[in-house]
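Enquirer: I'm passing along target_36.tsv; it holds TSV, C-alpha atoms.
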chain	number	residue	atom	x	y	z
A	782	MET	CA	72.51	-205.94	-110.58
A	783	SER	CA	69.92	-207.38	-108.22
A	784	ASN	CA	70.64	-208.64	-104.74
A	785	LYS	CA	68.48	-209.22	-101.67
A	786	PRO	CA	69.88	-208.68	-98.14
A	787	ASN	CA	72.06	-211.60	-97.10
A	788	THR	CA	70.67	-214.12	-94.61
A	789	SER	CA	73.68	-216.42	-94.67
A	790	ILE	CA	77.44	-216.15	-94.72
A	791	GLN	CA	78.56	-216.02	-98.35
A	792	MET	CA	82.27	-216.68	-98.70
A	793	ILE	CA	85.29	-216.94	-96.43
A	794	ALA	CA	88.30	-214.73	-97.08
A	795	ASP	CA	91.32	-213.93	-94.94
A	796	TYR	CA	94.49	-211.92	-95.45
A	797	GLU	CA	98.05	-212.45	-94.33
A	798	GLY	CA	100.61	-209.70	-94.28
A	799	ASP	CA	100.12	-205.93	-94.22
A	800	ILE	CA	96.40	-205.33	-94.74
A	801	LYS	CA	97.06	-201.71	-95.66
A	802	SER	CA	98.49	-202.74	-99.03
A	803	LEU	CA	95.13	-204.28	-99.98
A	804	PHE	CA	93.28	-201.03	-99.37
A	805	GLU	CA	95.73	-198.63	-101.04
A	806	THR	CA	94.06	-198.23	-104.43
A	807	GLU	CA	94.72	-195.20	-106.58
A	808	VAL	CA	92.71	-194.52	-109.73
A	809	ASN	CA	93.21	-191.63	-112.12
A	810	GLY	CA	90.49	-190.47	-114.47
A	811	GLY	CA	87.27	-192.33	-115.21
A	812	ILE	CA	86.50	-195.70	-113.67
A	813	PRO	CA	83.76	-198.25	-114.43
A	814	ILE	CA	80.94	-198.24	-111.87
A	815	LEU	CA	78.88	-201.28	-110.83
A	816	ALA	CA	75.60	-200.21	-109.20
A	817	THR	CA	74.17	-202.75	-106.74
A	818	ARG	CA	70.74	-203.16	-105.18
A	819	ASN	CA	70.57	-203.85	-101.42
A	820	LEU	CA	74.21	-204.90	-101.36
A	821	VAL	CA	77.05	-202.95	-99.76
A	822	LEU	CA	80.55	-204.26	-100.42
A	823	PHE	CA	83.28	-203.64	-97.82
A	824	PRO	CA	87.07	-203.50	-98.20
A	825	GLY	CA	88.78	-206.88	-98.35
A	826	VAL	CA	85.54	-208.86	-98.52
A	827	ILE	CA	84.79	-211.36	-101.30
A	828	LEU	CA	81.12	-211.53	-102.31
A	829	PRO	CA	79.11	-213.04	-105.17
A	830	ILE	CA	77.00	-210.46	-107.03
A	831	THR	CA	74.16	-211.55	-109.29
A	832	VAL	CA	74.28	-209.45	-112.45
A	833	GLY	CA	71.25	-209.04	-114.71
A	834	ARG	CA	70.99	-205.39	-115.74
A	835	PRO	CA	72.22	-204.77	-119.33
A	836	SER	CA	74.73	-202.09	-118.34
A	837	SER	CA	76.11	-204.30	-115.56
A	838	LEU	CA	76.37	-207.26	-117.93
A	839	ASN	CA	78.29	-205.08	-120.38
A	840	LEU	CA	80.69	-204.11	-117.60
A	841	ILE	CA	81.27	-207.71	-116.50
A	842	ASN	CA	81.90	-208.75	-120.10
A	843	GLN	CA	84.51	-205.98	-120.39
A	844	LEU	CA	86.13	-207.00	-117.10
A	845	THR	CA	86.47	-210.60	-118.27
A	846	LYS	CA	88.52	-209.29	-121.20
A	847	ASP	CA	90.66	-207.13	-118.89
A	848	PRO	CA	90.67	-208.87	-115.46
A	849	ASP	CA	93.29	-206.46	-114.09
A	850	MET	CA	90.93	-203.50	-114.54
A	851	THR	CA	89.82	-201.86	-111.29
A	852	PHE	CA	86.20	-200.78	-110.99
A	853	ALA	CA	84.07	-199.28	-108.21
A	854	VAL	CA	80.96	-200.63	-106.49
A	855	PHE	CA	78.27	-198.26	-105.20
A	856	CYS	CA	74.90	-199.23	-103.75
A	857	GLN	CA	71.65	-197.66	-104.93
A	858	LYS	CA	69.46	-195.68	-102.53
A	859	ASN	CA	66.32	-197.04	-104.19
A	860	PRO	CA	66.64	-200.62	-105.52
A	861	ASP	CA	63.73	-200.10	-107.91
A	862	VAL	CA	65.60	-197.60	-110.10
A	863	GLU	CA	66.66	-199.32	-113.32
A	864	GLU	CA	69.01	-196.66	-114.71
A	865	PRO	CA	70.60	-194.92	-111.71
A	866	THR	CA	72.17	-191.48	-111.90
A	867	LYS	CA	74.62	-190.01	-109.42
A	868	ARG	CA	71.85	-188.85	-107.07
A	869	ASP	CA	70.47	-192.42	-107.00
A	870	LEU	CA	73.74	-193.82	-105.60
A	871	TYR	CA	75.26	-193.50	-102.14
A	872	ASN	CA	78.44	-191.46	-102.46
A	873	ILE	CA	80.53	-193.94	-100.44
A	874	GLY	CA	81.65	-197.21	-102.00
A	875	VAL	CA	84.72	-199.35	-102.62
A	876	TYR	CA	87.13	-200.07	-105.40
A	877	ALA	CA	86.97	-203.72	-106.45
A	878	LYS	CA	88.50	-206.37	-108.64
A	879	LEU	CA	86.84	-209.23	-110.48
A	880	ILE	CA	87.89	-212.70	-109.33
A	881	ARG	CA	85.64	-214.98	-111.31
A	882	VAL	CA	82.41	-215.06	-113.35
A	883	LEU	CA	79.85	-217.87	-113.13
A	884	GLU	CA	77.01	-218.25	-115.62
A	885	LEU	CA	73.79	-219.38	-114.01
A	886	PRO	CA	71.40	-221.82	-115.69
A	887	GLY	CA	67.77	-220.88	-116.23
A	888	PRO	CA	65.76	-218.22	-118.05
A	889	GLY	CA	67.40	-214.86	-118.72
A	890	HIS	CA	71.05	-214.05	-119.10
A	891	ASN	CA	72.17	-213.81	-115.47
A	892	LEU	CA	75.75	-213.98	-114.30
A	893	THR	CA	77.28	-214.24	-110.85
A	894	ALA	CA	80.39	-212.13	-110.50
A	895	ILE	CA	82.75	-212.99	-107.64
A	896	VAL	CA	84.35	-209.70	-106.62
A	897	GLN	CA	86.66	-208.54	-103.87
A	898	GLY	CA	86.46	-205.14	-102.26
A	899	LEU	CA	89.60	-203.02	-102.13
A	900	GLY	CA	89.93	-199.53	-100.63
A	901	ARG	CA	87.03	-197.16	-100.00
A	902	CYS	CA	86.18	-194.40	-102.43
A	903	ARG	CA	83.74	-191.52	-102.91
A	904	LEU	CA	81.72	-190.92	-106.03
A	905	GLU	CA	82.36	-187.49	-107.51
A	906	SER	CA	80.44	-187.72	-110.79
A	907	LEU	CA	78.98	-189.98	-113.46
A	908	LYS	CA	80.11	-189.05	-116.93
A	909	GLN	CA	78.97	-192.06	-118.96
A	910	HIS	CA	75.89	-194.31	-118.80
A	911	THR	CA	76.38	-196.57	-121.83
A	912	PRO	CA	77.45	-199.21	-122.52
A	913	TYR	CA	78.06	-199.23	-118.74
A	914	LEU	CA	78.42	-196.62	-116.01
A	915	VAL	CA	81.69	-194.69	-115.84
A	916	GLY	CA	82.44	-192.04	-113.22
A	917	THR	CA	85.13	-190.19	-111.35
A	918	THR	CA	86.05	-191.09	-107.79
A	919	THR	CA	88.45	-190.08	-105.04
A	920	PRO	CA	90.01	-192.52	-102.56
A	921	ALA	CA	88.56	-192.42	-99.04
A	922	HIS	CA	91.50	-193.60	-96.96
A	923	GLU	CA	90.68	-195.08	-93.56
A	924	VAL	CA	92.82	-195.51	-90.46
A	925	ILE	CA	93.91	-199.14	-90.13
A	926	PRO	CA	94.86	-200.11	-86.54
A	927	ASP	CA	98.09	-201.93	-85.82
A	928	ALA	CA	98.69	-204.94	-83.59
A	929	LYS	CA	99.24	-202.72	-80.52
A	930	ASP	CA	95.81	-201.05	-80.69
A	931	LYS	CA	94.22	-202.70	-77.63
A	932	GLU	CA	90.96	-200.75	-77.90
A	933	PHE	CA	90.33	-201.98	-81.44
A	934	HIS	CA	91.19	-205.63	-80.80
A	935	THR	CA	89.12	-205.69	-77.58
A	936	ALA	CA	86.18	-204.23	-79.48
A	937	VAL	CA	86.62	-206.87	-82.20
A	938	ASP	CA	86.52	-209.64	-79.57
A	939	ASP	CA	83.26	-208.18	-78.31
A	940	LEU	CA	81.93	-208.06	-81.89
A	941	ARG	CA	82.86	-211.70	-82.50
A	942	GLN	CA	81.00	-212.79	-79.34
A	943	ALA	CA	77.93	-210.71	-80.16
A	944	THR	CA	77.90	-212.08	-83.72
A	945	THR	CA	78.10	-215.66	-82.45
A	946	GLU	CA	75.22	-214.98	-80.06
A	947	TYR	CA	73.15	-213.51	-82.88
A	948	ILE	CA	73.84	-216.43	-85.24
A	949	LYS	CA	72.86	-218.96	-82.54
A	950	LYS	CA	69.52	-217.23	-81.98
A	951	ASN	CA	68.72	-216.57	-85.65
A	952	ASP	CA	67.24	-219.64	-87.34
A	953	GLU	CA	67.67	-218.04	-90.78
A	954	ILE	CA	71.47	-218.10	-90.53
A	955	PRO	CA	73.13	-221.55	-90.65
A	956	ASP	CA	75.33	-222.65	-87.75
A	957	GLU	CA	78.24	-223.02	-90.19
A	958	SER	CA	78.45	-219.24	-90.14
A	959	GLN	CA	80.08	-219.41	-86.71
A	960	PHE	CA	82.79	-221.55	-88.27
A	961	ALA	CA	83.29	-218.95	-91.00
A	962	ILE	CA	83.68	-216.13	-88.49
A	963	GLY	CA	86.02	-218.19	-86.30
A	964	ASN	CA	88.34	-219.00	-89.19
A	965	ILE	CA	89.12	-215.40	-90.12
A	966	ARG	CA	92.19	-214.48	-88.11
A	967	ASN	CA	92.70	-210.94	-89.39
A	968	ASP	CA	90.63	-208.60	-87.19
A	969	VAL	CA	90.22	-205.97	-89.92
A	970	ILE	CA	88.89	-208.53	-92.41
A	971	VAL	CA	86.52	-210.09	-89.86
A	972	VAL	CA	84.95	-206.70	-89.10
A	973	ASP	CA	84.30	-205.92	-92.76
A	974	PHE	CA	83.17	-209.51	-93.31
A	975	ILE	CA	80.54	-209.21	-90.57
A	976	CYS	CA	79.43	-205.82	-91.89
A	977	SER	CA	78.97	-207.25	-95.39
A	978	ASN	CA	77.31	-210.55	-94.58
A	979	LEU	CA	75.00	-210.05	-91.63
A	980	PRO	CA	71.45	-208.98	-92.56
A	981	PHE	CA	71.72	-205.35	-91.50
A	982	ASN	CA	69.62	-202.88	-93.46
A	983	THR	CA	71.32	-200.90	-96.21
A	984	GLY	CA	71.29	-197.64	-94.23
A	985	ASP	CA	73.14	-199.24	-91.32
A	986	LYS	CA	75.73	-200.75	-93.66
A	987	ILE	CA	76.35	-197.41	-95.34
A	988	ASN	CA	76.93	-195.83	-91.92
A	989	MET	CA	79.44	-198.59	-91.15
A	990	LEU	CA	81.23	-198.03	-94.44
A	991	LYS	CA	81.37	-194.27	-93.83
A	992	ALA	CA	83.38	-194.75	-90.61
A	993	ASP	CA	86.88	-193.39	-91.21
A	994	THR	CA	88.53	-195.62	-88.60
A	995	MET	CA	88.13	-199.36	-88.02
A	996	THR	CA	87.42	-198.77	-84.33
A	997	ALA	CA	84.55	-196.46	-85.23
A	998	ARG	CA	83.27	-199.10	-87.66
A	999	VAL	CA	83.31	-201.77	-84.96
A	1000	ILE	CA	81.33	-199.51	-82.62
A	1001	GLU	CA	78.81	-198.69	-85.38
A	1002	THR	CA	78.48	-202.41	-86.15
A	1003	LEU	CA	77.97	-203.29	-82.48
A	1004	LYS	CA	75.18	-200.72	-82.24
A	1005	ALA	CA	73.39	-202.21	-85.24
A	1006	LEU	CA	74.04	-205.78	-84.06
A	1007	ASN	CA	72.72	-205.12	-80.55
A	1008	LYS	CA	69.60	-203.61	-82.10
A	1009	GLU	CA	69.14	-206.74	-84.22
A	1010	ILE	CA	69.67	-208.97	-81.17
A	1011	GLN	CA	67.00	-207.04	-79.23
A	1012	LEU	CA	64.55	-207.30	-82.15
A	1013	LEU	CA	65.30	-211.01	-82.47
A	1014	GLN	CA	64.74	-211.51	-78.73
A	1015	LEU	CA	61.43	-209.65	-79.00
A	1016	LYS	CA	60.33	-211.92	-81.85
A	1017	MET	CA	61.35	-214.99	-79.82
A	1018	ASN	CA	59.33	-213.76	-76.83
A	1019	ILE	CA	56.26	-213.22	-79.01
A	1020	ARG	CA	56.64	-216.70	-80.50
A	1021	SER	CA	57.08	-218.19	-77.03
A	1022	LYS	CA	53.90	-216.54	-75.73
A	1023	THR	CA	51.97	-217.72	-78.77
A	1024	ARG	CA	53.32	-221.23	-78.31
A	1025	GLU	CA	52.32	-221.17	-74.62
A	1026	ASP	CA	48.76	-220.19	-75.57
A	1027	ILE	CA	48.58	-223.06	-78.04
A	1028	ASP	CA	50.04	-225.49	-75.49
A	1029	GLU	CA	47.46	-224.39	-72.91
A	1030	GLN	CA	44.64	-224.98	-75.40
A	1031	GLN	CA	46.02	-228.42	-76.19
A	1032	ARG	CA	46.32	-229.19	-72.49
A	1033	GLU	CA	42.70	-228.22	-71.85
A	1034	TYR	CA	41.54	-230.31	-74.80
A	1035	PHE	CA	43.53	-233.31	-73.53
A	1036	LEU	CA	42.07	-232.97	-70.05
A	1037	GLN	CA	38.56	-232.70	-71.45
A	1038	GLN	CA	39.13	-235.90	-73.40
A	1039	GLN	CA	40.35	-237.62	-70.25
A	1040	ILE	CA	37.24	-236.50	-68.37
A	1041	ARG	CA	35.01	-237.93	-71.09
A	1042	ASN	CA	36.90	-241.24	-71.07
A	1043	ILE	CA	36.65	-241.51	-67.28
A	1044	LYS	CA	32.91	-240.87	-67.41
A	1045	GLU	CA	32.45	-243.56	-70.02
A	1046	GLU	CA	34.48	-246.04	-67.96
A	1047	LEU	CA	32.31	-245.29	-64.90
A	1048	GLY	CA	29.17	-245.72	-66.94
A	1049	ASN	CA	27.98	-242.16	-66.43
A	1050	GLY	CA	28.91	-240.65	-69.75
A	1051	GLU	CA	25.57	-238.89	-69.83
A	1052	GLY	CA	26.41	-237.18	-66.54
A	1053	SER	CA	24.76	-237.37	-63.11
A	1054	ILE	CA	21.11	-236.54	-62.47
A	1055	GLU	CA	22.15	-233.30	-60.79
A	1056	ARG	CA	24.16	-232.35	-63.85
A	1057	GLN	CA	21.29	-233.05	-66.21
A	1058	GLU	CA	18.91	-230.94	-64.09
A	1059	LEU	CA	21.40	-228.10	-63.90
A	1060	GLU	CA	22.00	-228.21	-67.66
A	1061	GLU	CA	18.24	-228.12	-68.33
A	1062	GLN	CA	17.83	-225.09	-66.09
A	1063	ALA	CA	20.91	-223.39	-67.55
A	1064	ALA	CA	19.56	-223.81	-71.09
A	1065	LYS	CA	16.68	-221.50	-70.17
A	1066	LYS	CA	18.97	-218.75	-68.86
A	1067	HIS	CA	19.86	-215.63	-70.83
A	1068	TRP	CA	23.56	-215.81	-70.03
A	1069	SER	CA	26.43	-214.08	-71.74
A	1070	ASP	CA	29.17	-216.23	-73.29
A	1071	ASP	CA	31.51	-215.51	-70.37
A	1072	VAL	CA	28.94	-216.70	-67.81
A	1073	LYS	CA	28.23	-219.83	-69.88
A	1074	LYS	CA	31.96	-220.67	-69.89
A	1075	VAL	CA	32.20	-220.23	-66.11
A	1076	PHE	CA	29.12	-222.38	-65.54
A	1077	ALA	CA	30.38	-225.16	-67.83
A	1078	LYS	CA	33.78	-225.14	-66.12
A	1079	GLU	CA	32.25	-225.29	-62.63
A	1080	LEU	CA	29.87	-228.04	-63.77
A	1081	ASP	CA	32.82	-230.12	-64.96
A	1082	LYS	CA	34.44	-229.66	-61.55
A	1083	LEU	CA	31.27	-231.05	-59.92
A	1084	GLU	CA	31.48	-234.21	-62.03
A	1085	LEU	CA	34.99	-234.92	-60.78
A	1086	MET	CA	34.07	-234.62	-57.08
A	1087	ASN	CA	33.10	-237.40	-54.77
A	1088	GLN	CA	29.40	-237.03	-53.98
A	1089	GLN	CA	30.08	-237.91	-50.33
A	1090	SER	CA	32.58	-235.09	-49.85
A	1091	PRO	CA	31.63	-231.71	-48.31
A	1092	GLU	CA	33.11	-229.95	-51.34
A	1093	TYR	CA	30.52	-231.62	-53.57
A	1094	SER	CA	27.63	-230.06	-51.60
A	1095	VAL	CA	29.30	-226.64	-51.70
A	1096	GLN	CA	29.86	-226.87	-55.46
A	1097	LEU	CA	26.32	-228.12	-56.09
A	1098	THR	CA	24.84	-225.27	-54.02
A	1099	TYR	CA	26.95	-222.76	-55.95
A	1100	LEU	CA	25.68	-224.06	-59.29
A	1101	GLN	CA	22.07	-224.21	-58.09
A	1102	THR	CA	22.38	-220.59	-57.00
A	1103	MET	CA	23.63	-219.65	-60.46
A	1104	VAL	CA	20.65	-221.23	-62.24
A	1105	ASN	CA	18.12	-219.85	-59.74
A	1106	LEU	CA	19.23	-216.24	-60.02
A	1107	PRO	CA	17.22	-214.08	-62.47
A	1108	TRP	CA	19.97	-213.47	-65.02
A	1109	ASN	CA	18.92	-210.72	-67.42
A	1110	GLU	CA	15.27	-211.22	-66.40
A	1111	TYR	CA	13.24	-208.15	-65.57
A	1112	THR	CA	9.71	-207.45	-64.28
A	1113	LYS	CA	7.57	-204.88	-65.97
A	1114	ASP	CA	7.71	-201.58	-64.08
A	1115	ASP	CA	4.40	-200.11	-62.86
A	1116	LEU	CA	4.92	-196.39	-62.43
A	1117	ASN	CA	1.27	-195.47	-61.63
A	1118	ILE	CA	1.63	-193.29	-58.52
A	1119	LYS	CA	-2.07	-193.35	-57.54
A	1120	ARG	CA	-2.15	-197.14	-57.66
A	1121	ALA	CA	1.00	-197.33	-55.62
A	1122	GLN	CA	-0.57	-194.98	-53.03
A	1123	LYS	CA	-3.64	-197.21	-52.77
A	1124	ILE	CA	-1.50	-200.28	-52.21
A	1125	LEU	CA	0.54	-198.51	-49.56
A	1126	ASP	CA	-2.57	-197.19	-47.80
A	1127	ARG	CA	-4.17	-200.63	-47.89
A	1128	ASP	CA	-1.12	-202.32	-46.47
A	1129	HIS	CA	-0.76	-199.58	-43.87
A	1130	TYR	CA	-4.32	-199.67	-42.59
A	1131	GLY	CA	-4.48	-203.41	-42.91
A	1132	MET	CA	-1.46	-203.74	-40.64
A	1133	GLU	CA	-3.02	-201.39	-38.08
A	1134	LYS	CA	-6.12	-203.52	-37.94
Output the file's structure as structure tokens, nothing else.

Expert:
Amino acid sequence: MSNKPNTSIQMIADYEGDIKSLFETEVNGGIPILATRNLVLFPGVILPITVGRPSSLNLINQLTKDPDMTFAVFCQKNPDVEEPTKRDLYNIGVYAKLIRVLELPGPGHNLTAIVQGLGRCRLESLKQHTPYLVGTTTPAHEVIPDAKDKEFHTAVDDLRQATTEYIKKNDEIPDESQFAIGNIRNDVIVVDFICSNLPFNTGDKINMLKADTMTARVIETLKALNKEIQLLQLKMNIRSKTREDIDEQQREYFLQQQIRNIKEELGNGEGSIERQELEEQAAKKHWSDDVKKVFAKELDKLELMNQQSPEYSVQLTYLQTMVNLPWNEYTKDDLNIKRAQKILDRDHYGMEK
């Protein structure tokens, strides 16, 4: 079985009545095992699973013959392992039932199995690898809150709001996902639905599934969701800063184009005489790139000033000072002490005379 982390809401499922009856699954003896890659199924949730591994295909074919057969779904620790053993699987998973099988067109014999999670279970051993995995499991019962559990239902409301906020900010998840979340009325199902479908990493999902109470699962999910929201906000800030830099560059380019157009309209596209003289002098200077940029920017300012204004004279003097200074120009040092002494003596006695 091969699955990538979900980036969209898969399927909507709700439950009316006593939710506990859905999770009370008892299995005696060996049970077929479906090993998944990067996919963690939660109790009550309906998910499509793409099946391509020979052993998994054999299992699905058997389940189509006996649709009432219960099997268990466990996620692999390393998705690259082709023939997982017990140590390659997380020991927490769920019992499941097959709802429907869809055959996909295209190369290879791939099937999509629509499955629904039932109660949690722990993997005790694998005792058969062919034609499909078979192992022994024990139920992992969890505490299901009732309608009077205010802490749980308040936490779920917080989770719904945080999930909606995350979906709005995440461009990779369609807006229809908010509709999916809003249409699940059962709080237990909506928690497991969010755990299954949001793009948390596999380790976080396993920690959520390990929680023995629904309240603990909500808290674990909120921790992971808040982390994802913070990471998403950080990405948005980085994108915003990058976009601002690009916008600033575009703004400068636009202004430069406007300056050129204005000069052409005024008939001085070549620039004033002062500008030409300054540019000729600047071309002879050994300036660094930073100094050249400053000079060019200040020269452009001069072109936009009225030649009769006091600011024009100040700007022109500033630029003339820049080109007249000896930038990176050095005289040859004469370190002959005797010659220096003669010059000093000559100047000294000459002054006395």

Enquirer: Excluding A:Pro860 and any residue of its chain fewer than 2 positions from it, enumerate the residues within 7 Å of it, using only C-alpha atoms, and give them as a ChimeraX atom specification.

Expert: /A:818-819,857-858,862

Enquirer: Pick out the residues sitting within 9 Å of stretch 1078-1092 of chain A, and hand them over as a list in words; count all atoms listed in the file, and ignore anything fewer than 2 positions along from it in its own chain.

Expert: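 Contacts, with the query itself left out: Ile1040, Lys1044, Gly1052, Ser1053, Arg1056, Leu1059, Glu1060, Lys1073, Lys1074, Val1075, Phe1076, Ser1094, Val1095, Gln1096, Leu1097, Tyr1099 and Leu1100 of chain A.
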
Enquirer: Could you give me, as a PyMOL selection string, the residues within 8 Å of A:Glu884, counting all atoms listed in the file and dropping anything in the same chain fewer than 6 positions from it?

Expert: chain A and resi 891-893

Enquirer: Quick check, in Å to one decimal: how far apart do atom CA of A:Ile970 and atom CA of A:Leu990 lie?

Expert: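 Spanning atom CA of A:Ile970 to atom CA of A:Leu990 is a straight-line distance of 13.2 Å.
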
Enquirer: Expressed in Å to a single decimal, how great is the separation between atom CA of A:Thr1002 and atom CA of A:Ile925?

Expert: 16.3 Å

Enquirer: Find the residues around A:Cys902 up to 8 Å (all atoms listed in the file counted), leave out those fewer than 6 positions away in its own chain, and share them as a VMD selection string.

Expert: chain A and resid 853 873 to 876 918 to 922

Enquirer: Once you have the residues from the selection above, write them out as a PDB file, in the coordinates of the input, restricted to C-alpha atoms.

Expert:
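Saved to selection_34.pdb:
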ATOM      1  CA  ALA A 853      84.070-199.280-108.210  1.00  0.00           C
ATOM      2  CA  ILE A 873      80.530-193.940-100.440  1.00  0.00           C
ATOM      3  CA  GLY A 874      81.650-197.210-102.000  1.00  0.00           C
ATOM      4  CA  VAL A 875      84.720-199.350-102.620  1.00  0.00           C
ATOM      5  CA  TYR A 876      87.130-200.070-105.400  1.00  0.00           C
ATOM      6  CA  THR A 918      86.050-191.090-107.790  1.00  0.00           C
ATOM      7  CA  THR A 919      88.450-190.080-105.040  1.00  0.00           C
ATOM      8  CA  PRO A 920      90.010-192.520-102.560  1.00  0.00           C
ATOM      9  CA  ALA A 921      88.560-192.420 -99.040  1.00  0.00           C
ATOM     10  CA  HIS A 922      91.500-193.600 -96.960  1.00  0.00           C
TER      11      HIS A 922
END

Enquirer: Can you tell me how far atom CA of A:Glu1110 sits from atom CA of A:Lys1065, in Å to one decimal?

Expert: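 That distance, rounded to one decimal, is 11.0 Å.
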
Enquirer: May I have the residues within 12 Å of stretch 908-916 of chain A as a count of residues only, using all atoms listed in the file and disregarding those fewer than 3 positions away in the same chain?

Expert: 39

Enquirer: Determine the nearest neighbour of A:Arg966 from the options A:Glu1058, A:Asp1114, A:Asp938, A:Asp1126, counting all atoms listed in the file.

Expert: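 Of all the options, A:Asp938 lies closest to A:Arg966.
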
Enquirer: Quick one: stretch 865-880 of chain A with N, CA and C atoms, as an mmCIF file, keeping the file's coordinate frame?

Expert:
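Resulting contents of rebuild21.cif:
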data_model
loop_
_atom_site.group_PDB
_atom_site.id
_atom_site.type_symbol
_atom_site.label_atom_id
_atom_site.label_comp_id
_atom_site.auth_asym_id
_atom_site.auth_seq_id
_atom_site.Cartn_x
_atom_site.Cartn_y
_atom_site.Cartn_z
ATOM 1 N N PRO A 865 70.239 -195.894 -112.752
ATOM 2 C CA PRO A 865 70.600 -194.920 -111.710
ATOM 3 C C PRO A 865 71.511 -193.799 -112.225
ATOM 4 N N THR A 866 71.284 -192.618 -111.686
ATOM 5 C CA THR A 866 72.170 -191.480 -111.900
ATOM 6 C C THR A 866 72.977 -191.266 -110.619
ATOM 7 N N LYS A 867 73.787 -190.242 -110.597
ATOM 8 C CA LYS A 867 74.620 -190.010 -109.420
ATOM 9 C C LYS A 867 73.788 -189.817 -108.157
ATOM 10 N N ARG A 868 72.670 -189.108 -108.261
ATOM 11 C CA ARG A 868 71.850 -188.850 -107.070
ATOM 12 C C ARG A 868 71.147 -190.113 -106.572
ATOM 13 N N ASP A 869 71.104 -191.158 -107.412
ATOM 14 C CA ASP A 869 70.470 -192.420 -107.000
ATOM 15 C C ASP A 869 71.444 -193.340 -106.283
ATOM 16 N N LEU A 870 72.723 -192.976 -106.228
ATOM 17 C CA LEU A 870 73.740 -193.820 -105.600
ATOM 18 C C LEU A 870 74.257 -193.176 -104.324
ATOM 19 N N TYR A 871 74.563 -194.010 -103.327
ATOM 20 C CA TYR A 871 75.260 -193.500 -102.140
ATOM 21 C C TYR A 871 76.656 -193.059 -102.592
ATOM 22 N N ASN A 872 77.160 -191.998 -101.983
ATOM 23 C CA ASN A 872 78.440 -191.460 -102.460
ATOM 24 C C ASN A 872 79.648 -192.171 -101.877
ATOM 25 N N ILE A 873 79.422 -193.170 -100.998
ATOM 26 C CA ILE A 873 80.530 -193.940 -100.440
ATOM 27 C C ILE A 873 80.459 -195.368 -100.983
ATOM 28 N N GLY A 874 81.602 -195.862 -101.450
ATOM 29 C CA GLY A 874 81.650 -197.210 -102.000
ATOM 30 C C GLY A 874 83.061 -197.754 -101.881
ATOM 31 N N VAL A 875 83.369 -198.769 -102.671
ATOM 32 C CA VAL A 875 84.720 -199.350 -102.620
ATOM 33 C C VAL A 875 85.211 -199.629 -104.039
ATOM 34 N N TYR A 876 86.522 -199.547 -104.197
ATOM 35 C CA TYR A 876 87.130 -200.070 -105.400
ATOM 36 C C TYR A 876 87.078 -201.603 -105.317
ATOM 37 N N ALA A 877 87.090 -202.258 -106.461
ATOM 38 C CA ALA A 877 86.970 -203.720 -106.450
ATOM 39 C C ALA A 877 87.694 -204.319 -107.632
ATOM 40 N N LYS A 878 87.922 -205.632 -107.521
ATOM 41 C CA LYS A 878 88.500 -206.370 -108.640
ATOM 42 C C LYS A 878 87.670 -207.633 -108.861
ATOM 43 N N LEU A 879 87.600 -208.042 -110.114
ATOM 44 C CA LEU A 879 86.840 -209.230 -110.480
ATOM 45 C C LEU A 879 87.702 -210.469 -110.274
ATOM 46 N N ILE A 880 87.159 -211.459 -109.576
ATOM 47 C CA ILE A 880 87.890 -212.700 -109.330
ATOM 48 C C ILE A 880 87.459 -213.798 -110.281
#
